[in-house]
file structure-v2.txt (compact mmCIF, C-alpha atoms)
# COMPACT_ATOMS: atom_id res chain seq x y z
CA MET A 1 0.00 0.00 0.00
CA LYS A 2 1.34 3.37 -0.91
CA PRO A 3 1.68 5.82 1.97
CA ILE A 4 -0.87 8.57 2.05
CA GLN A 5 0.71 11.78 0.78
CA LEU A 6 -0.05 14.59 3.11
CA ALA A 7 2.04 17.08 1.17
CA ASP A 8 2.14 17.52 -2.58
CA PRO A 9 5.49 17.29 -4.42
CA ILE A 10 5.82 21.07 -4.71
CA SER A 11 5.40 21.54 -0.96
CA ALA A 12 7.88 18.72 -0.36
CA LEU A 13 10.37 20.44 -2.65
CA LEU A 14 9.90 23.80 -0.95
CA THR A 15 10.29 22.24 2.51
CA LYS A 16 13.43 20.37 1.46
CA SER A 17 14.85 23.48 -0.14
CA MET A 18 14.30 25.42 3.10
CA ASP A 19 16.01 22.64 5.08
CA LEU A 20 19.04 22.65 2.81
CA ARG A 21 19.24 26.42 2.75
CA SER A 22 19.22 26.60 6.54
CA ILE A 23 22.19 24.20 6.59
CA ASN A 24 23.86 26.36 3.93
CA GLN A 25 23.29 29.38 6.17
CA GLN A 26 25.22 27.66 8.96
CA VAL A 27 28.08 26.78 6.64
CA LEU A 28 28.29 30.38 5.36
CA ALA A 29 28.08 31.74 8.92
CA ALA A 30 31.03 29.52 9.88
CA ASN A 31 33.04 30.78 6.90
CA ILE A 32 32.37 34.41 7.80
CA ALA A 33 33.15 33.75 11.46
CA ASN A 34 36.50 32.23 10.50
CA ALA A 35 37.45 34.95 8.01
CA GLU A 36 40.56 35.69 10.06
CA THR A 37 41.43 32.29 11.45
CA PRO A 38 44.80 31.09 10.10
CA ASN A 39 44.74 27.96 7.89
CA TYR A 40 40.94 27.91 7.67
CA ALA A 41 39.59 26.38 4.46
CA PRO A 42 36.09 27.66 3.67
CA ALA A 43 33.35 25.03 3.29
CA ARG A 44 30.95 24.88 0.36
CA PHE A 45 27.58 23.17 0.61
CA HIS A 46 26.52 21.64 -2.71
CA PHE A 47 22.90 20.59 -2.99
CA ALA A 48 21.31 22.32 -6.00
CA GLU A 49 22.27 19.67 -8.58
CA ALA A 50 21.12 16.79 -6.37
CA LEU A 51 17.80 18.54 -5.76
CA GLN A 52 17.39 19.24 -9.45
CA GLN A 53 18.08 15.57 -10.23
CA ALA A 54 15.56 14.37 -7.67
CA MET A 55 13.03 16.82 -9.13
CA THR A 56 13.38 15.78 -12.76
CA LYS A 57 14.03 12.11 -11.89
CA SER A 58 16.49 11.81 -14.69
CA GLY A 59 18.40 8.56 -14.99
CA VAL A 60 17.13 5.01 -14.92
CA ALA A 61 15.16 3.78 -11.94
CA MET A 62 15.24 0.11 -10.98
CA GLN A 63 12.23 -1.94 -11.85
CA THR A 64 10.16 -3.10 -8.91
CA THR A 65 7.73 -5.97 -8.78
CA ASP A 66 6.52 -5.40 -5.24
CA GLU A 67 5.47 -2.31 -3.28
CA GLN A 68 8.14 -3.01 -0.66
CA HIS A 69 11.04 -3.12 -3.11
CA ILE A 70 13.57 -0.37 -2.92
CA THR A 71 13.81 1.68 -6.08
CA GLY A 72 17.40 2.36 -7.07
CA GLY A 73 18.62 5.17 -9.27
CA PRO A 74 17.42 8.71 -8.72
CA GLY A 75 16.25 9.20 -5.16
CA SER A 76 13.24 11.08 -3.94
CA ILE A 77 13.35 14.71 -2.85
CA ALA A 78 13.36 13.66 0.81
CA ASP A 79 16.62 11.73 0.30
CA VAL A 80 18.62 14.72 -0.95
CA SER A 81 21.20 15.62 1.69
CA GLY A 82 23.82 17.60 -0.22
CA ARG A 83 27.54 17.41 0.42
CA ILE A 84 30.18 19.64 1.94
CA VAL A 85 33.42 20.37 0.14
CA ARG A 86 36.41 22.17 1.62
CA GLU A 87 38.18 24.74 -0.54
CA PRO A 88 41.70 25.42 0.74
CA ALA A 89 43.37 28.74 -0.03
CA THR A 90 44.88 28.78 -3.52
CA ASN A 91 47.21 31.65 -2.70
CA PRO A 92 49.82 30.65 -0.12
CA LEU A 93 50.42 34.30 0.81
CA GLY A 94 49.31 35.55 4.22
CA ASP A 95 47.84 33.25 6.85
CA ASN A 96 46.68 30.56 4.38
CA ASN A 97 43.04 31.48 4.90
CA GLY A 98 40.79 30.91 1.88
CA VAL A 99 37.77 33.01 2.96
CA SER A 100 36.73 35.98 0.85
CA VAL A 101 34.31 37.90 3.07
CA ASP A 102 32.59 39.75 0.22
CA GLU A 103 31.93 36.51 -1.66
CA GLU A 104 30.55 34.94 1.50
CA MET A 105 28.30 37.93 2.19
CA VAL A 106 26.87 37.80 -1.35
CA ALA A 107 26.27 34.05 -0.98
CA LEU A 108 24.63 34.73 2.39
CA SER A 109 22.25 37.33 0.93
CA GLU A 110 21.36 35.05 -1.97
CA ASN A 111 20.76 32.13 0.36
CA GLN A 112 18.56 34.25 2.62
CA LEU A 113 16.54 35.53 -0.33
CA MET A 114 16.00 32.05 -1.74
CA TYR A 115 14.97 30.75 1.69
CA GLU A 116 12.46 33.57 2.10
CA THR A 117 11.11 32.93 -1.41
CA ALA A 118 10.52 29.28 -0.56
CA ALA A 119 8.88 30.26 2.74
CA GLN A 120 6.63 32.75 0.93
CA LEU A 121 5.59 30.19 -1.68
CA LEU A 122 4.87 27.62 1.00
CA LYS A 123 2.75 30.14 2.87
CA LYS A 124 0.79 30.88 -0.30
CA ARG A 125 0.13 27.17 -0.83
CA MET A 126 -1.12 26.87 2.73
CA THR A 127 -3.44 29.82 2.20
CA MET A 128 -4.81 28.19 -0.94
CA LEU A 129 -5.28 24.91 0.92
CA LYS A 130 -7.17 26.70 3.70
CA TYR A 131 -9.33 28.38 1.09
CA ALA A 132 -10.15 25.02 -0.46
CA ILE A 133 -10.88 23.40 2.91
CA SER A 134 -13.22 26.16 3.92
CA GLY A 135 -15.06 25.78 0.61
CA GLY A 136 -14.09 29.20 -0.63
CA GLN A 137 -15.40 31.00 2.45
CA MET B 1 15.82 24.92 11.24
CA ASP B 2 18.69 24.97 13.63
CA ILE B 3 18.93 28.72 13.84
CA PHE B 4 20.68 28.68 17.20
CA THR B 5 23.76 27.01 15.77
CA THR B 6 24.15 29.93 13.36
CA PHE B 7 23.76 32.28 16.32
CA ALA B 8 26.40 30.38 18.29
CA ILE B 9 28.88 30.43 15.39
CA SER B 10 28.47 34.15 14.70
CA SER B 11 28.45 35.17 18.34
CA SER B 12 31.69 33.26 18.98
CA ALA B 13 33.26 35.30 16.17
CA MET B 14 31.83 38.54 17.60
CA LYS B 15 33.31 37.67 20.96
CA ALA B 16 36.71 36.95 19.40
CA GLN B 17 36.70 40.22 17.44
CA LYS B 18 35.74 42.11 20.60
CA ILE B 19 38.75 40.65 22.42
CA ARG B 20 40.88 41.70 19.44
CA LEU B 21 39.48 45.23 19.64
CA ASP B 22 40.19 45.31 23.39
CA THR B 23 43.79 44.32 22.67
CA VAL B 24 44.08 47.03 20.01
CA SER B 25 42.77 49.69 22.39
CA SER B 26 45.21 48.50 25.06
CA ASN B 27 48.07 48.78 22.54
CA LEU B 28 46.97 52.25 21.41
CA ALA B 29 46.44 53.51 24.95
CA ASN B 30 49.92 52.33 25.91
CA ALA B 31 51.71 53.44 22.74
CA GLU B 32 53.80 55.89 24.81
CA THR B 33 54.04 53.96 28.10
CA THR B 34 57.69 53.59 29.10
CA ALA B 35 57.21 52.05 32.53
CA THR B 36 55.08 49.00 33.32
CA PRO B 37 54.61 47.01 36.56
CA GLU B 38 56.69 44.21 34.96
CA GLY B 39 59.44 46.73 34.27
CA GLY B 40 60.53 48.19 30.95
CA PRO B 41 58.33 49.67 28.24
CA TYR B 42 54.89 48.32 27.31
CA LYS B 43 54.99 45.43 24.82
CA LYS B 44 52.47 45.15 21.98
CA LYS B 45 49.98 42.32 22.45
CA SER B 46 48.43 40.22 19.67
CA VAL B 47 45.50 37.81 19.72
CA TYR B 48 45.56 34.42 18.02
CA PHE B 49 42.41 32.88 16.57
CA GLN B 50 41.56 29.23 16.17
CA SER B 51 38.45 27.60 14.73
CA LYS B 52 36.37 25.64 17.18
CA PRO B 53 33.81 22.91 16.42
CA MET B 54 30.33 23.80 17.64
CA ASP B 55 28.02 21.59 19.65
CA PHE B 56 25.50 19.94 17.42
CA ARG B 57 22.28 18.07 17.77
CA GLU B 58 22.42 14.43 16.77
CA HIS B 59 20.37 14.79 13.61
CA LEU B 60 23.10 16.66 11.78
CA ASP B 61 25.51 14.50 9.84
CA SER B 62 29.21 14.29 10.59
CA ALA B 63 30.20 16.20 7.45
CA LEU B 64 28.35 19.25 8.72
CA GLN B 65 29.78 18.87 12.21
CA SER B 66 33.28 19.35 10.89
CA SER B 67 32.36 22.29 8.67
CA ALA B 68 30.33 24.50 11.01
CA GLN B 69 33.02 25.93 13.21
CA GLY B 70 33.06 28.94 15.47
CA VAL B 71 36.09 30.93 16.54
CA GLU B 72 37.93 31.24 19.80
CA VAL B 73 40.90 33.26 20.97
CA THR B 74 43.55 30.71 21.94
CA GLN B 75 46.15 33.06 23.32
CA ILE B 76 47.18 36.68 23.70
CA LEU B 77 50.93 36.96 23.23
CA GLU B 78 53.40 39.80 23.65
CA ASP B 79 55.23 40.93 20.56
CA GLN B 80 58.94 40.10 20.78
CA ASP B 81 60.08 43.03 18.60
CA PRO B 82 62.76 45.14 20.36
CA PRO B 83 61.59 48.46 21.84
CA ARG B 84 62.06 51.66 19.84
CA GLN B 85 65.04 53.68 21.11
CA VAL B 86 64.34 57.41 21.23
CA TYR B 87 66.94 59.97 22.27
CA ASN B 88 65.49 62.05 25.10
CA PRO B 89 67.92 62.65 28.01
CA ALA B 90 65.32 64.69 29.91
CA HIS B 91 63.00 61.71 30.23
CA PRO B 92 62.93 60.12 33.73
CA ASP B 93 63.20 56.61 32.16
CA ALA B 94 66.17 57.54 30.00
CA GLY B 95 69.25 55.34 30.28
CA GLU B 96 72.87 56.34 30.80
CA ASP B 97 73.27 57.16 27.09
CA GLY B 98 70.16 59.39 27.04
CA TYR B 99 68.02 56.93 25.06
CA VAL B 100 64.51 55.94 26.20
CA ALA B 101 63.07 52.52 25.37
CA MET B 102 59.63 53.20 23.86
CA PRO B 103 56.91 50.53 23.30
CA ASN B 104 57.12 48.47 20.09
CA VAL B 105 53.59 49.58 19.15
CA ASP B 106 53.06 50.77 15.56
CA VAL B 107 50.04 53.08 15.78
CA LEU B 108 49.30 52.78 12.06
CA LYS B 109 49.22 48.97 12.22
CA GLU B 110 46.94 49.15 15.24
CA MET B 111 44.50 51.42 13.39
CA VAL B 112 44.37 48.99 10.46
CA ASP B 113 43.81 46.13 12.89
CA MET B 114 41.01 48.11 14.54
CA MET B 115 39.23 48.72 11.21
CA SER B 116 39.56 45.04 10.33
CA ALA B 117 38.13 43.93 13.69
CA THR B 118 35.19 46.36 13.32
CA ARG B 119 34.36 45.13 9.81
CA SER B 120 34.52 41.49 10.86
CA TYR B 121 32.26 42.22 13.80
CA GLN B 122 29.74 43.90 11.48
CA ALA B 123 29.82 41.00 9.02
CA ASN B 124 28.92 38.62 11.83
CA VAL B 125 26.09 40.86 13.04
CA THR B 126 24.71 40.84 9.49
CA THR B 127 24.86 37.04 9.48
CA ILE B 128 22.83 36.88 12.68
CA GLN B 129 20.29 39.35 11.29
CA ALA B 130 19.91 37.21 8.14
CA ALA B 131 19.37 34.05 10.18
CA LYS B 132 16.83 35.84 12.37
CA ARG B 133 14.86 37.06 9.38
CA MET B 134 14.85 33.57 7.90
CA ALA B 135 13.46 32.14 11.12
CA GLN B 136 10.76 34.80 11.21
CA LYS B 137 9.78 33.99 7.61
CA ALA B 138 9.52 30.31 8.52
CA LEU B 139 7.25 31.15 11.45
CA GLU B 140 4.99 33.17 9.15
CA ILE B 141 4.10 30.03 7.19
CA GLY B 142 1.75 28.85 9.91
CA ARG B 143 -0.03 32.16 10.19
call {"tool": "encode", "arguments": {"input": "structure-v2.txt", "output": "structure tokens"}}
result
Amino acid sequence: MKPIQLADPISALLTKSMDLRSINQQVLAANIANAETPNYAPARFHFAEALQQAMTKSGVAMQTTDEQHITGGPGSIADVSGRIVREPATNPLGDNNGVSVDEEMVALSENQLMYETAAQLLKKRMTMLKYAISGGQ
Amino acid sequence: MDIFTTFAISSSAMKAQKIRLDTVSSNLANAETTATPEGGPYKKKSVYFQSKPMDFREHLDSALQSSAQGVEVTQILEDQDPPRQVYNPAHPDAGEDGYVAMPNVDVLKEMVDMMSATRSYQANVTTIQAAKRMAQKALEIGR
């Protein structure tokens, strides 16, 4: 038996995107905090491609003959976790710190904006759902 | 959303930059101090930063644990540069040859350090503000 879907795929995507962006916010905050720590390699949180892949479901999924079989290949949106990559300083001058504060601040603003967009869209969907439940009252 | 981790990371950096600013003001205030309780002229002090792993809830994976790091001041050390020798025989701390040992504080360097500490502090405040706004937006969903 398939589980009952409480949330539609778009809501699931928006929720996941907010989750990932809040993690990204922490990673960026850590980079900015360590802008003057010697030998600190800034971290990058990659998740957009994985999310995109889960969305479009590109690739070949494994064939299942039973409801309980695990489908291989592209995962569902809920399975996207992203990955963290360290970027050491390319220029050995100075204290070997790879953080560029202006780049981090731009990334931070973008991340915040995208998070707020997702939150706004989710709110709109909820409003529509309420409207439907109340029969257009 | 684990907003409090972001707060903890940024506030640790704010704290570290504040200590740095305190050290700068101590250096500037004592730029002309020739006598200290330890004897001799004042010696410039510098702070040393180190990244520090933050406490995390169990649901976060290990990759994130190692990447979300705050900052802490590990030590405040005295600069080992020799004192500046200034010829001033009238000075009470002048030596036999008429030279006074002045602190090894470079005022210009201290001012640059001060600007840098201020900017870093501001960047971290902005980070906290961003995280706060995000949390508020998330709370609005249920309204």
call {"tool": "residues_around", "arguments": {"input": "structure-v2.txt", "residues": "region 131-133 of chain B", "least_positions_apart": "5", "cutoff": "12 Å", "atoms": "all atoms listed in the file", "output": "VMD selection string"}}
result
(chain A and resid 21 to 29 108 to 109 111 to 113 115 to 116 119) or (chain B and resid 1 to 10 124 to 126 138 to 140)
call {"tool": "closest_atom_pairs", "arguments": {"input": "structure-v2.txt", "of": "chain B", "to": "chain A", "cutoff": "10 Å", "atoms": "all atoms listed in the file", "output": "JSON lines"}}
result
{"residue": "B:Met1", "atom": "CA", "partner": "A:Ser22", "partner_atom": "CA", "distance": 6.0}
{"residue": "B:Asp2", "atom": "CA", "partner": "A:Ser22", "partner_atom": "CA", "distance": 7.3}
{"residue": "B:Ile3", "atom": "CA", "partner": "A:Ser22", "partner_atom": "CA", "distance": 7.6}
{"residue": "B:Phe4", "atom": "CA", "partner": "A:Gln26", "partner_atom": "CA", "distance": 9.5}
{"residue": "B:Thr5", "atom": "CA", "partner": "A:Gln26", "partner_atom": "CA", "distance": 7.0}
{"residue": "B:Thr6", "atom": "CA", "partner": "A:Gln26", "partner_atom": "CA", "distance": 5.1}
{"residue": "B:Phe7", "atom": "CA", "partner": "A:Ala29", "partner_atom": "CA", "distance": 8.6}
{"residue": "B:Ala8", "atom": "CA", "partner": "A:Ala29", "partner_atom": "CA", "distance": 9.6}
{"residue": "B:Ile9", "atom": "CA", "partner": "A:Ala30", "partner_atom": "CA", "distance": 6.0}
{"residue": "B:Ser10", "atom": "CA", "partner": "A:Ala33", "partner_atom": "CA", "distance": 5.7}
{"residue": "B:Ser11", "atom": "CA", "partner": "A:Ala33", "partner_atom": "CA", "distance": 8.5}
{"residue": "B:Ser12", "atom": "CA", "partner": "A:Ala33", "partner_atom": "CA", "distance": 7.7}
{"residue": "B:Ala13", "atom": "CA", "partner": "A:Ala33", "partner_atom": "CA", "distance": 5.0}
{"residue": "B:Met14", "atom": "CA", "partner": "A:Ala33", "partner_atom": "CA", "distance": 7.9}
{"residue": "B:Ala16", "atom": "CA", "partner": "A:Ala33", "partner_atom": "CA", "distance": 9.3}
{"residue": "B:Gln17", "atom": "CA", "partner": "A:Glu36", "partner_atom": "CA", "distance": 9.5}
{"residue": "B:Tyr48", "atom": "CA", "partner": "A:Thr37", "partner_atom": "CA", "distance": 8.0}
{"residue": "B:Phe49", "atom": "CA", "partner": "A:Thr37", "partner_atom": "CA", "distance": 5.2}
{"residue": "B:Gln50", "atom": "CA", "partner": "A:Thr37", "partner_atom": "CA", "distance": 5.6}
{"residue": "B:Ser51", "atom": "CA", "partner": "A:Thr37", "partner_atom": "CA", "distance": 6.5}
{"residue": "B:Lys52", "atom": "CA", "partner": "A:Asn34", "partner_atom": "CA", "distance": 9.4}
{"residue": "B:Pro53", "atom": "CA", "partner": "A:Ala30", "partner_atom": "CA", "distance": 9.7}
{"residue": "B:Met54", "atom": "CA", "partner": "A:Ala30", "partner_atom": "CA", "distance": 9.7}
{"residue": "B:Leu60", "atom": "CA", "partner": "A:Ile23", "partner_atom": "CA", "distance": 9.2}
{"residue": "B:Asp61", "atom": "CA", "partner": "A:Ser81", "partner_atom": "CA", "distance": 9.3}
{"residue": "B:Ala63", "atom": "CA", "partner": "A:Ile84", "partner_atom": "CA", "distance": 6.5}
{"residue": "B:Leu64", "atom": "CA", "partner": "A:Ile84", "partner_atom": "CA", "distance": 7.0}
{"residue": "B:Gln65", "atom": "CA", "partner": "A:Val27", "partner_atom": "CA", "distance": 9.8}
{"residue": "B:Ser66", "atom": "CA", "partner": "A:Ile84", "partner_atom": "CA", "distance": 9.5}
{"residue": "B:Ser67", "atom": "CA", "partner": "A:Ala43", "partner_atom": "CA", "distance": 6.1}
{"residue": "B:Ala68", "atom": "CA", "partner": "A:Ala30", "partner_atom": "CA", "distance": 5.2}
{"residue": "B:Gln69", "atom": "CA", "partner": "A:Ala30", "partner_atom": "CA", "distance": 5.3}
{"residue": "B:Gly70", "atom": "CA", "partner": "A:Ala30", "partner_atom": "CA", "distance": 6.0}
{"residue": "B:Val71", "atom": "CA", "partner": "A:Asn34", "partner_atom": "CA", "distance": 6.2}
{"residue": "B:Glu72", "atom": "CA", "partner": "A:Thr37", "partner_atom": "CA", "distance": 9.1}
{"residue": "B:Val73", "atom": "CA", "partner": "A:Thr37", "partner_atom": "CA", "distance": 9.6}
{"residue": "B:Ser116", "atom": "CA", "partner": "A:Glu36", "partner_atom": "CA", "distance": 9.4}
{"residue": "B:Ala117", "atom": "CA", "partner": "A:Glu36", "partner_atom": "CA", "distance": 9.3}
{"residue": "B:Arg119", "atom": "CA", "partner": "A:Val101", "partner_atom": "CA", "distance": 9.9}
{"residue": "B:Ser120", "atom": "CA", "partner": "A:Ala35", "partner_atom": "CA", "distance": 7.7}
{"residue": "B:Tyr121", "atom": "CA", "partner": "A:Ala33", "partner_atom": "CA", "distance": 8.8}
{"residue": "B:Ala123", "atom": "CA", "partner": "A:Ile32", "partner_atom": "CA", "distance": 7.2}
{"residue": "B:Asn124", "atom": "CA", "partner": "A:Ala33", "partner_atom": "CA", "distance": 6.5}
{"residue": "B:Thr126", "atom": "CA", "partner": "A:Met105", "partner_atom": "CA", "distance": 8.6}
{"residue": "B:Thr127", "atom": "CA", "partner": "A:Ala29", "partner_atom": "CA", "distance": 6.2}
{"residue": "B:Ile128", "atom": "CA", "partner": "A:Ala29", "partner_atom": "CA", "distance": 8.3}
{"residue": "B:Ala130", "atom": "CA", "partner": "A:Gln112", "partner_atom": "CA", "distance": 6.4}
{"residue": "B:Ala131", "atom": "CA", "partner": "A:Gln25", "partner_atom": "CA", "distance": 7.3}
{"residue": "B:Arg133", "atom": "CA", "partner": "A:Gln112", "partner_atom": "CA", "distance": 8.2}
{"residue": "B:Met134", "atom": "CA", "partner": "A:Glu116", "partner_atom": "CA", "distance": 6.3}
{"residue": "B:Ala135", "atom": "CA", "partner": "A:Glu116", "partner_atom": "CA", "distance": 9.2}
{"residue": "B:Gln136", "atom": "CA", "partner": "A:Glu116", "partner_atom": "CA", "distance": 9.3}
{"residue": "B:Lys137", "atom": "CA", "partner": "A:Glu116", "partner_atom": "CA", "distance": 6.1}
{"residue": "B:Ala138", "atom": "CA", "partner": "A:Ala119", "partner_atom": "CA", "distance": 5.8}
{"residue": "B:Leu139", "atom": "CA", "partner": "A:Ala119", "partner_atom": "CA", "distance": 8.9}
{"residue": "B:Glu140", "atom": "CA", "partner": "A:Lys123", "partner_atom": "CA", "distance": 7.3}
{"residue": "B:Ile141", "atom": "CA", "partner": "A:Lys123", "partner_atom": "CA", "distance": 4.5}
{"residue": "B:Gly142", "atom": "CA", "partner": "A:Lys123", "partner_atom": "CA", "distance": 7.2}
{"residue": "B:Arg143", "atom": "CA", "partner": "A:Lys123", "partner_atom": "CA", "distance": 8.1}
call {"tool": "axis_aligned_box", "arguments": {"input": "structure-v2.txt", "around": "region 29-48 of chain A", "padding_each_side": "4 Å", "output": "JSON"}}
result
{"center_x": 33.1, "center_y": 28.1, "center_z": 2.7, "size_x": 31.5, "size_y": 23.1, "size_z": 25.5}
call {"tool": "closest_residue", "arguments": {"input": "structure-v2.txt", "among": "B:Gln80, B:Val112, B:Gln129, B:Ala101", "to": "Glu32 (chain B)", "atoms": "all atoms listed in the file"}}
result
B:Ala101
call {"tool": "residues_around", "arguments": {"input": "structure-v2.txt", "residues": "Pro103 (chain B)", "least_positions_apart": "5", "cutoff": "7 Å", "atoms": "all atoms listed in the file", "output": "list in words"}}
result
Ala31, Glu32, Thr33, Thr34, Pro41, Tyr42, Lys43, Pro83 and Arg84 of chain B
